file query_12.cif (mmCIF, C-alpha atoms and all ligand atoms)
data_entry
loop_
_atom_site.label_atom_id
_atom_site.label_comp_id
_atom_site.auth_asym_id
_atom_site.auth_seq_id
_atom_site.Cartn_x
_atom_site.Cartn_y
_atom_site.Cartn_z
CA MET X 16 8.08 1.12 -21.41
CA GLU X 17 9.77 1.49 -18.09
CA ASN X 18 9.17 -1.58 -15.95
CA LYS X 19 9.28 0.36 -12.72
CA SER X 20 6.67 2.04 -10.56
CA LYS X 21 6.84 5.81 -10.19
CA VAL X 22 4.75 5.78 -7.02
CA GLN X 23 6.48 5.67 -3.66
CA THR X 24 4.14 4.17 -1.12
CA LEU X 25 6.52 4.35 1.82
CA ILE X 26 9.88 5.95 2.50
CA TRP X 27 12.15 4.87 5.35
CA ASP X 28 14.66 7.54 6.39
CA GLY X 29 16.56 5.45 8.93
CA GLN X 30 14.48 6.63 11.90
CA LYS X 31 11.00 7.42 10.66
CA LEU X 32 8.53 6.06 8.14
CA LYS X 33 6.90 8.39 5.63
CA LEU X 34 3.65 7.07 4.18
CA ILE X 35 1.87 8.59 1.22
CA ASP X 36 -1.61 9.46 2.52
CA GLN X 37 -3.81 7.21 0.40
CA ARG X 38 -6.96 8.77 1.85
CA LYS X 39 -6.17 11.96 -0.05
CA LEU X 40 -4.97 10.65 -3.39
CA PRO X 41 -5.17 11.36 -6.27
CA PHE X 42 -5.61 15.11 -5.85
CA ILE X 43 -3.45 15.70 -2.77
CA LYS X 44 -0.01 14.11 -2.56
CA GLU X 45 0.95 14.34 1.08
CA TYR X 46 3.10 12.15 3.29
CA VAL X 47 2.24 11.23 6.89
CA ILE X 48 5.30 10.93 9.11
CA CYS X 49 5.34 8.09 11.60
CA ASP X 50 7.96 8.39 14.32
CA SER X 51 6.31 6.08 16.84
CA TYR X 52 4.82 2.60 16.62
CA LYS X 53 1.48 4.06 17.80
CA LYS X 54 1.43 6.39 14.80
CA VAL X 55 2.22 3.46 12.53
CA ALA X 56 -0.64 1.40 14.00
CA ALA X 57 -3.01 4.38 13.61
CA ALA X 58 -1.90 4.89 9.99
CA ILE X 59 -2.77 1.26 9.19
CA LYS X 60 -6.11 1.41 11.05
CA ASP X 61 -7.13 4.70 9.42
CA MET X 62 -6.05 3.54 5.95
CA VAL X 63 -3.32 6.11 5.36
CA VAL X 64 -1.64 2.96 4.08
CA ARG X 65 -3.63 -0.03 2.82
CA GLY X 66 -3.26 -3.14 0.70
CA ALA X 67 -2.11 -6.41 2.22
CA PRO X 68 1.64 -6.38 1.38
CA ALA X 69 1.99 -2.63 2.14
CA ILE X 70 0.33 -3.19 5.51
CA GLY X 71 2.84 -5.97 6.22
CA VAL X 72 5.88 -3.84 5.31
CA THR X 73 4.51 -0.88 7.29
CA ALA X 74 3.90 -3.02 10.36
CA ALA X 75 7.46 -4.36 10.14
CA TYR X 76 8.77 -0.77 10.21
CA GLY X 77 6.37 -0.10 13.10
CA ALA X 78 8.12 -2.87 15.06
CA ALA X 79 11.53 -1.46 14.10
CA ILE X 80 10.42 2.01 15.25
CA ALA X 81 9.33 0.48 18.57
CA GLY X 82 12.92 -0.72 18.91
CA ILE X 83 14.26 2.77 18.20
CA GLN X 84 11.80 4.27 20.69
CA TYR X 85 12.95 2.15 23.60
CA ASN X 86 15.44 4.22 25.56
CA GLY X 87 16.03 2.13 28.68
CA ASN X 88 18.77 -0.38 29.36
CA SER X 89 16.89 -3.38 30.71
CA LYS X 90 16.49 -6.34 28.34
CA ASP X 91 13.31 -7.47 30.13
CA ASP X 92 11.77 -4.02 29.81
CA PHE X 93 12.80 -3.86 26.18
CA ASN X 94 11.12 -7.21 25.58
CA LEU X 95 7.90 -6.04 27.27
CA PHE X 96 7.92 -2.75 25.33
CA PHE X 97 8.45 -4.62 22.06
CA GLU X 98 5.67 -7.14 22.82
CA LYS X 99 3.27 -4.28 23.60
CA ALA X 100 4.11 -2.64 20.28
CA ILE X 101 3.60 -5.92 18.41
CA SER X 102 0.14 -6.44 19.95
CA LEU X 103 -0.97 -2.91 19.09
CA LEU X 104 0.28 -3.25 15.51
CA ALA X 105 -1.40 -6.66 15.23
CA SER X 106 -4.75 -5.18 16.30
CA SER X 107 -4.74 -2.51 13.57
CA ARG X 108 -6.57 -4.52 10.86
CA PRO X 109 -7.73 -8.15 10.93
CA THR X 110 -8.03 -9.54 7.40
CA ALA X 111 -4.70 -9.15 5.60
CA VAL X 112 -2.55 -12.02 6.85
CA ASN X 113 0.59 -10.24 5.61
CA LEU X 114 0.36 -8.05 8.72
CA PHE X 115 0.75 -11.03 11.07
CA TRP X 116 3.29 -12.68 8.79
CA ALA X 117 5.53 -9.59 8.89
CA LEU X 118 5.15 -9.14 12.65
CA ASN X 119 6.08 -12.80 13.16
CA ARG X 120 9.27 -12.21 11.19
CA MET X 121 10.08 -9.23 13.41
CA LYS X 122 9.34 -11.26 16.58
CA LYS X 123 11.61 -14.03 15.32
CA VAL X 124 14.49 -11.58 14.79
CA PHE X 125 14.01 -10.22 18.30
CA ALA X 126 13.98 -13.74 19.77
CA GLU X 127 17.04 -14.88 17.80
CA ASN X 128 19.04 -11.90 19.04
CA LYS X 129 17.80 -11.76 22.62
CA ASN X 130 21.23 -12.54 24.02
CA ASN X 131 22.85 -9.63 22.21
CA GLU X 132 23.16 -5.99 23.26
CA ILE X 133 20.02 -3.84 23.03
CA GLU X 134 21.58 -1.63 20.34
CA PHE X 135 22.41 -4.69 18.26
CA ILE X 136 18.81 -5.96 18.50
CA LYS X 137 17.55 -2.53 17.39
CA LYS X 138 19.87 -2.63 14.38
CA LYS X 139 18.70 -6.14 13.46
CA LEU X 140 15.03 -5.07 13.65
CA ILE X 141 15.65 -2.20 11.23
CA GLU X 142 17.55 -4.49 8.87
CA GLU X 143 14.71 -7.03 8.88
CA ALA X 144 12.08 -4.40 8.06
CA GLN X 145 14.26 -3.14 5.20
CA LEU X 146 14.68 -6.69 3.97
CA ILE X 147 10.91 -7.29 4.03
CA GLU X 148 10.44 -4.11 1.97
CA ALA X 149 13.13 -5.01 -0.58
CA GLU X 150 11.88 -8.59 -0.89
CA ASP X 151 8.34 -7.39 -1.52
CA ILE X 152 9.35 -5.43 -4.63
CA GLU X 153 11.31 -8.39 -6.02
CA ILE X 154 8.43 -10.76 -5.26
CA ASN X 155 5.98 -8.51 -7.12
CA LYS X 156 8.20 -8.45 -10.19
CA LYS X 157 8.30 -12.24 -10.18
CA ILE X 158 4.50 -12.33 -9.83
CA GLY X 159 4.43 -10.07 -12.89
CA GLU X 160 6.63 -12.48 -14.87
CA ASN X 161 4.52 -15.44 -13.82
CA GLY X 162 1.42 -13.45 -14.78
CA ILE X 163 2.70 -13.28 -18.35
CA LYS X 164 3.01 -17.07 -18.24
CA ALA X 165 -0.52 -17.46 -16.84
CA LEU X 166 -2.00 -15.40 -19.68
CA LYS X 167 0.18 -16.76 -22.47
CA ASP X 168 -2.78 -18.32 -24.31
CA PHE X 169 -4.09 -14.88 -25.23
CA LYS X 170 -2.57 -14.16 -28.60
CA ASP X 171 -4.02 -10.65 -29.01
CA LYS X 172 -3.94 -7.68 -26.68
CA ILE X 173 -5.93 -8.44 -23.52
CA LYS X 174 -8.84 -6.59 -21.89
CA ILE X 175 -8.47 -6.97 -18.15
CA LEU X 176 -10.84 -6.06 -15.36
CA THR X 177 -9.40 -5.37 -11.92
CA HIS X 178 -10.95 -4.44 -8.60
CA CYS X 179 -9.65 -2.31 -5.73
CA ASN X 180 -5.97 -1.39 -5.82
CA ALA X 181 -3.39 -4.16 -5.90
CA GLY X 182 -0.71 -1.87 -7.30
CA ALA X 183 2.43 -0.11 -6.16
CA LEU X 184 0.36 1.70 -3.54
CA ALA X 185 -0.81 -1.59 -2.03
CA THR X 186 2.73 -2.98 -1.84
CA ALA X 187 6.28 -1.74 -1.36
CA GLY X 188 6.26 -1.13 -5.13
CA TYR X 189 5.16 -2.54 -8.51
CA GLY X 190 2.05 -4.34 -7.23
CA THR X 191 0.56 -7.81 -7.45
CA ALA X 192 -2.52 -7.82 -9.73
CA LEU X 193 -1.47 -4.45 -11.12
CA GLY X 194 2.09 -5.78 -11.31
CA VAL X 195 0.83 -8.47 -13.71
CA ILE X 196 -0.88 -5.73 -15.72
CA ARG X 197 2.35 -3.67 -15.70
CA SER X 198 4.34 -6.69 -16.93
CA LEU X 199 1.80 -7.41 -19.68
CA ALA X 200 1.90 -3.74 -20.70
CA SER X 201 5.69 -3.92 -20.90
CA ILE X 202 5.32 -6.50 -23.69
CA ASN X 203 2.48 -4.54 -25.32
CA LYS X 204 -0.19 -7.07 -24.41
CA ILE X 205 -2.78 -4.76 -22.83
CA LYS X 206 -5.73 -3.57 -24.89
CA HIS X 207 -7.31 -1.81 -21.90
CA VAL X 208 -7.90 -2.16 -18.18
CA VAL X 209 -11.44 -1.90 -16.87
CA VAL X 210 -11.07 -0.30 -13.43
CA ASP X 211 -13.83 -1.03 -10.93
CA GLU X 212 -14.50 2.10 -8.87
CA THR X 213 -14.56 -0.01 -5.66
CA ARG X 214 -17.05 1.58 -3.32
CA PRO X 215 -17.01 2.54 -0.52
CA TYR X 216 -13.35 3.54 -0.37
CA LEU X 217 -12.84 4.04 -4.11
CA GLN X 218 -9.44 2.40 -4.26
CA GLY X 219 -10.06 1.57 -7.93
CA ALA X 220 -11.14 5.01 -9.13
CA ARG X 221 -8.75 7.00 -6.93
CA LEU X 222 -5.65 4.78 -6.76
CA THR X 223 -5.57 2.17 -9.54
CA ALA X 224 -6.61 4.68 -12.20
CA TRP X 225 -3.97 7.09 -10.90
CA GLU X 226 -1.25 4.44 -11.18
CA LEU X 227 -2.36 3.37 -14.67
CA GLU X 228 -2.41 6.96 -15.84
CA GLN X 229 1.18 7.45 -14.68
CA GLU X 230 2.21 4.28 -16.52
CA LYS X 231 0.28 5.34 -19.64
CA ILE X 232 -1.58 2.01 -19.68
CA PRO X 233 -4.99 2.43 -21.38
CA PHE X 234 -7.94 2.15 -18.99
CA PHE X 235 -11.45 3.29 -18.24
CA ILE X 236 -13.27 3.47 -14.93
CA ILE X 237 -16.68 1.94 -14.24
CA THR X 238 -18.88 1.90 -11.18
CA ASP X 239 -18.95 -1.55 -9.60
CA ASN X 240 -22.44 -2.38 -10.89
CA MET X 241 -21.30 -2.05 -14.53
CA ALA X 242 -19.02 -5.11 -14.52
CA ALA X 243 -21.64 -7.60 -15.78
CA TYR X 244 -22.57 -5.27 -18.62
CA MET X 245 -18.92 -4.91 -19.65
CA MET X 246 -18.43 -8.68 -19.59
CA SER X 247 -21.64 -9.28 -21.57
CA LYS X 248 -20.41 -6.86 -24.24
CA GLY X 249 -17.00 -8.50 -24.65
CA GLU X 250 -15.08 -5.68 -22.96
CA VAL X 251 -13.38 -8.09 -20.55
CA ASP X 252 -11.16 -11.07 -21.45
CA ALA X 253 -9.95 -11.85 -17.93
CA VAL X 254 -10.24 -10.66 -14.34
CA ILE X 255 -7.11 -10.19 -12.21
CA VAL X 256 -7.37 -9.25 -8.54
CA GLY X 257 -5.11 -9.28 -5.48
CA ALA X 258 -5.80 -11.01 -2.18
CA ASP X 259 -5.66 -10.25 1.52
CA ARG X 260 -5.70 -13.84 2.70
CA ILE X 261 -5.84 -17.16 0.86
CA ALA X 262 -7.01 -20.22 2.77
CA SER X 263 -5.26 -23.56 2.22
CA ASN X 264 -8.09 -24.73 -0.06
CA GLY X 265 -7.67 -21.66 -2.30
CA ASP X 266 -10.66 -19.62 -1.07
CA SER X 267 -9.41 -16.03 -1.39
CA ALA X 268 -10.41 -12.93 0.56
CA ASN X 269 -10.12 -9.63 -1.25
CA LYS X 270 -11.87 -6.28 -1.30
CA ILE X 271 -15.65 -6.38 -0.99
CA GLY X 272 -17.13 -6.88 -4.44
CA THR X 273 -14.51 -9.37 -5.60
CA LEU X 274 -16.91 -12.25 -4.89
CA ASN X 275 -19.45 -10.69 -7.30
CA LEU X 276 -16.75 -10.59 -9.97
CA SER X 277 -15.71 -14.19 -9.41
CA ILE X 278 -19.35 -15.27 -9.86
CA LEU X 279 -19.72 -13.11 -12.98
CA ALA X 280 -16.46 -14.42 -14.45
CA SER X 281 -17.63 -17.96 -13.91
CA TYR X 282 -21.03 -17.15 -15.55
CA TYR X 283 -19.37 -15.56 -18.58
CA LYS X 284 -16.63 -18.24 -18.67
CA LEU X 285 -13.84 -15.72 -18.25
CA PRO X 286 -10.59 -16.63 -16.48
CA PHE X 287 -10.42 -15.24 -12.95
CA PHE X 288 -6.87 -14.85 -11.60
CA VAL X 289 -5.71 -14.05 -8.08
CA ALA X 290 -2.20 -12.55 -7.92
CA ALA X 291 -0.58 -12.65 -4.49
CA PRO X 292 2.72 -13.38 -2.74
CA LEU X 293 3.12 -16.65 -0.84
CA SER X 294 2.95 -14.62 2.39
CA THR X 295 -0.77 -14.08 1.67
CA ILE X 296 -1.43 -17.83 1.90
CA ASP X 297 -2.57 -18.81 5.36
CA VAL X 298 -1.85 -22.51 5.69
CA ASN X 299 -3.27 -22.47 9.20
CA ILE X 300 -6.79 -22.11 7.96
CA LYS X 301 -8.79 -24.72 6.14
CA ASP X 302 -11.17 -22.55 4.10
CA GLY X 303 -12.62 -19.10 3.56
CA ASP X 304 -15.11 -19.40 6.44
CA GLU X 305 -12.19 -19.05 8.83
CA ILE X 306 -10.96 -15.76 7.34
CA PRO X 307 -11.79 -12.86 9.68
CA ILE X 308 -13.69 -10.20 7.74
CA GLU X 309 -13.19 -6.64 8.88
CA GLU X 310 -16.38 -4.63 9.34
CA ARG X 311 -15.47 -0.94 9.04
CA ASP X 312 -17.18 2.24 10.19
CA GLY X 313 -20.54 2.87 8.51
CA LYS X 314 -19.36 6.41 7.82
CA GLU X 315 -17.50 5.09 4.74
CA VAL X 316 -20.87 4.01 3.28
CA ARG X 317 -22.75 7.09 4.48
CA GLU X 318 -20.29 9.41 2.81
CA ILE X 319 -18.38 9.75 -0.44
CA MET X 320 -15.15 11.69 0.06
CA GLY X 321 -16.59 13.48 3.10
CA VAL X 322 -19.96 14.30 1.49
CA LYS X 323 -22.94 12.75 3.26
CA ILE X 324 -25.31 10.80 0.99
CA ILE X 325 -27.38 8.91 3.59
CA SER X 326 -29.03 10.25 6.73
CA ASP X 327 -27.56 9.18 10.07
CA ASP X 328 -30.67 7.33 11.22
CA MET X 329 -30.46 4.75 8.44
CA ILE X 330 -28.72 1.46 9.11
CA VAL X 331 -25.75 0.64 6.90
CA ARG X 332 -23.35 -2.29 6.78
CA ASN X 333 -19.70 -2.07 5.77
CA PRO X 334 -17.94 -5.42 5.43
CA SER X 335 -14.59 -4.55 3.91
CA PHE X 336 -13.76 -7.91 2.29
CA ASP X 337 -15.46 -10.97 0.86
CA VAL X 338 -14.25 -14.43 -0.05
CA SER X 339 -14.18 -15.78 -3.59
CA PRO X 340 -14.57 -19.57 -3.48
CA ALA X 341 -11.72 -21.63 -4.87
CA LYS X 342 -14.04 -23.13 -7.49
CA ASN X 343 -14.35 -19.69 -9.16
CA ILE X 344 -10.58 -19.17 -9.37
CA THR X 345 -8.72 -20.18 -12.54
CA ALA X 346 -5.24 -19.84 -11.02
CA ILE X 347 -3.30 -18.16 -8.24
CA ILE X 348 -0.26 -16.29 -9.55
CA THR X 349 2.55 -16.26 -6.97
CA GLU X 350 6.24 -15.35 -7.10
CA LYS X 351 7.19 -19.03 -7.27
CA ASP X 352 4.76 -20.27 -9.89
CA VAL X 353 1.25 -20.17 -11.25
CA ILE X 354 -0.85 -22.47 -9.12
CA TYR X 355 -3.82 -24.28 -10.68
CA PRO X 356 -6.56 -26.37 -9.05
CA PRO X 357 -6.80 -28.54 -7.08
CA PHE X 358 -5.55 -25.75 -4.77
CA LYS X 359 -5.81 -27.86 -1.63
CA LYS X 360 -3.07 -30.12 -2.97
CA ASN X 361 -1.08 -27.61 -5.04
CA LEU X 362 -0.85 -24.74 -2.52
CA ILE X 363 0.65 -26.95 0.17
CA LYS X 364 3.19 -28.30 -2.35
CA ILE X 365 4.48 -24.83 -3.21
CA ILE X 366 4.76 -23.34 0.31
O1 LIG Y 401 -8.98 -2.22 2.46
P1 LIG Y 401 -7.74 -2.30 1.60
O2 LIG Y 401 -7.63 -1.15 0.66
O3 LIG Y 401 -6.52 -2.52 2.43
O4 LIG Y 401 -7.98 -3.60 0.73
C1 LIG Y 401 -7.01 -3.91 -0.23
C2 LIG Y 401 -7.36 -5.05 -1.08
O5 LIG Y 401 -8.38 -5.70 -0.91
C3 LIG Y 401 -6.33 -5.45 -2.11
O6 LIG Y 401 -6.94 -5.91 -3.27
C4 LIG Y 401 -5.45 -6.55 -1.51
O7 LIG Y 401 -4.90 -6.13 -0.30
C5 LIG Y 401 -4.35 -6.96 -2.42
S1 LIG Y 401 -3.13 -5.71 -2.48
C6 LIG Y 401 -1.77 -6.20 -3.35
#

call {"tool": "encode", "arguments": {"input": "query_12.cif", "output": "structure tokens"}}
result
Amino acid sequence: MENKSKVQTLIWDGQKLKLIDQRKLPFIKEYVICDSYKKVAAAIKDMVVRGAPAIGVTAAYGAAIAGIQYNGNSKDDFNLFFEKAISLLASSRPTAVNLFWALNRMKKVFAENKNNEIEFIKKKLIEEAQLIEAEDIEINKKIGENGIKALKDFKDKIKILTHCNAGALATAGYGTALGVIRSLASINKIKHVVVDETRPYLQGARLTAWELEQEKIPFFIITDNMAAYMMSKGEVDAVIVGADRIASNGDSANKIGTLNLSILASYYKLPFFVAAPLSTIDVNIKDGDEIPIEERDGKEVREIMGVKIISDDMIVRNPSFDVSPAKNITAIITEKDVIYPPFKKNLIKII
């Protein structure tokens, strides 16, 4: 089996960023072209692109595009223009820390080169965004290898449940949680993947299932409320999810509904793994209570793929993420190693 994703989440052509429109998948495969940092910020906000690492890589290209867009010759003006772009990009979505991590890398490159010519700074910004993209793919492959290590005690083929999309579409390629599944499939260790539909945005049904189908990895889709039933019937051996932000004590934010799964896994005594790059760990925050949770437009709950299912006068809520407490997490699979509890001690050691 080919150990390589066939899905191209983003394409950089040297001047512009092409993003596969994840709002339209799986039936329409269309790219959105971003030739300004404002378009990049809008694409992140509107979820053309989503998934923590993919948001980070996209934002880095947004900062590089801001550099390309500046056509003056004053260094001070260039600095102001760049800062404005960074703040807009940073305001696009609040939860995935990878966004801020990537923008900080871009700001650092700008600062380190501030005494050079404007054209040189622009070149360095593009190079850094390309590096962030290339590194992300390599990191995901290492997470995949470490995932095999984390699940080595399973002697037979494994039944894995995953939530949302932590695949090639959520990263520059390969994926984190889905990367682990890809790696396990490459050594013929997957019995099947149980794909949570992931309401309201349906990242599981629309995106994860689409990726698994392309990879010919066996799977079936369930609505989110079927997970307990599947676990009770022995259809799940382990849960593997991605993360948008991991606090220094191991509390992990991921797509809404992940908390339910972590509680269920603990009830049924199933291992619950979080697969994420080190850039998802936010050492500046103590625990999950400090993770900002995005509350999105109620329209996503009122509608399913543009079809209204609830009348406008009814109140809805739409928190986009929840936090699984560290005590429910068996291990965090990173590119460096598999981290086990106590996370408070072990996460700091690895960073
Ligand atoms: O709202 P989204 O689709 O950006 O949320 C994505 C998730 O919650 C993913 O599981 C997470 O970013 C990990 S992606 C490798």

call {"tool": "closest_residue", "arguments": {"input": "query_12.cif", "among": "X:Ala290, X:Ile278, X:Phe336, X:Ala75", "to": "X:Ala165", "atoms": "all atoms listed in the file"}}
result
X:Ala290

call {"tool": "atom_distance", "arguments": {"input": "query_12.cif", "atom1": "atom CA of X:Ser335", "atom2": "atom CA of X:Thr213"}}
result
10.6 Å

call {"tool": "residues_near_ligand", "arguments": {"input": "query_12.cif", "ligand": "ligand LIG 401 (chain Y)", "cutoff": "8 Å", "atoms": "all atoms listed in the file", "output": "JSON, numbers by chain"}}
result
{"X": [62, 64, 65, 66, 67, 68, 69, 70, 111, 178, 179, 180, 181, 182, 183, 185, 186, 190, 191, 192, 193, 216, 218, 256, 257, 258, 259, 268, 269, 270, 271, 290, 291, 335, 336]}

call {"tool": "write_last_selection", "arguments": {"input": "query_12.cif", "atoms": "C-alpha atoms", "output": "short mmCIF file (atom, residue, chain, number, x, y, z; two decimals), in the coordinates of the input"}}
result
data_model
loop_
_atom_site.label_atom_id
_atom_site.label_comp_id
_atom_site.auth_asym_id
_atom_site.auth_seq_id
_atom_site.Cartn_x
_atom_site.Cartn_y
_atom_site.Cartn_z
CA MET X 62 -6.05 3.54 5.95
CA VAL X 64 -1.64 2.96 4.08
CA ARG X 65 -3.63 -0.03 2.82
CA GLY X 66 -3.26 -3.14 0.70
CA ALA X 67 -2.11 -6.41 2.22
CA PRO X 68 1.64 -6.38 1.38
CA ALA X 69 1.99 -2.63 2.14
CA ILE X 70 0.33 -3.19 5.51
CA ALA X 111 -4.70 -9.15 5.60
CA HIS X 178 -10.95 -4.44 -8.60
CA CYS X 179 -9.65 -2.31 -5.73
CA ASN X 180 -5.97 -1.39 -5.82
CA ALA X 181 -3.39 -4.16 -5.90
CA GLY X 182 -0.71 -1.87 -7.30
CA ALA X 183 2.43 -0.11 -6.16
CA ALA X 185 -0.81 -1.59 -2.03
CA THR X 186 2.73 -2.98 -1.84
CA GLY X 190 2.05 -4.34 -7.23
CA THR X 191 0.56 -7.81 -7.45
CA ALA X 192 -2.52 -7.82 -9.73
CA LEU X 193 -1.47 -4.45 -11.12
CA TYR X 216 -13.35 3.54 -0.37
CA GLN X 218 -9.44 2.40 -4.26
CA VAL X 256 -7.37 -9.25 -8.54
CA GLY X 257 -5.11 -9.28 -5.48
CA ALA X 258 -5.80 -11.01 -2.18
CA ASP X 259 -5.66 -10.25 1.52
CA ALA X 268 -10.41 -12.93 0.56
CA ASN X 269 -10.12 -9.63 -1.25
CA LYS X 270 -11.87 -6.28 -1.30
CA ILE X 271 -15.65 -6.38 -0.99
CA ALA X 290 -2.20 -12.55 -7.92
CA ALA X 291 -0.58 -12.65 -4.49
CA SER X 335 -14.59 -4.55 3.91
CA PHE X 336 -13.76 -7.91 2.29
#

call {"tool": "residues_around", "arguments": {"input": "query_12.cif", "residues": "stretch 33-42 of chain X", "least_positions_apart": "6", "cutoff": "12 Å", "atoms": "only C-alpha atoms", "output": "number ranges by chain"}}
result
X: 22-27, 48-51, 54-55, 57-66, 69-70, 72-74, 76-77, 180, 183-187, 216-229, 315, 319-321

call {"tool": "atom_distance", "arguments": {"input": "query_12.cif", "atom1": "atom CA of X:Lys284", "atom2": "atom CA of X:Thr110"}}
result
28.8 Å

call {"tool": "residues_around", "arguments": {"input": "query_12.cif", "residues": "X:Ser198", "least_positions_apart": "4", "cutoff": "8 Å", "atoms": "only C-alpha atoms", "output": "ChimeraX atom specification"}}
result
/X:18,156,159-160,162-163,194,202
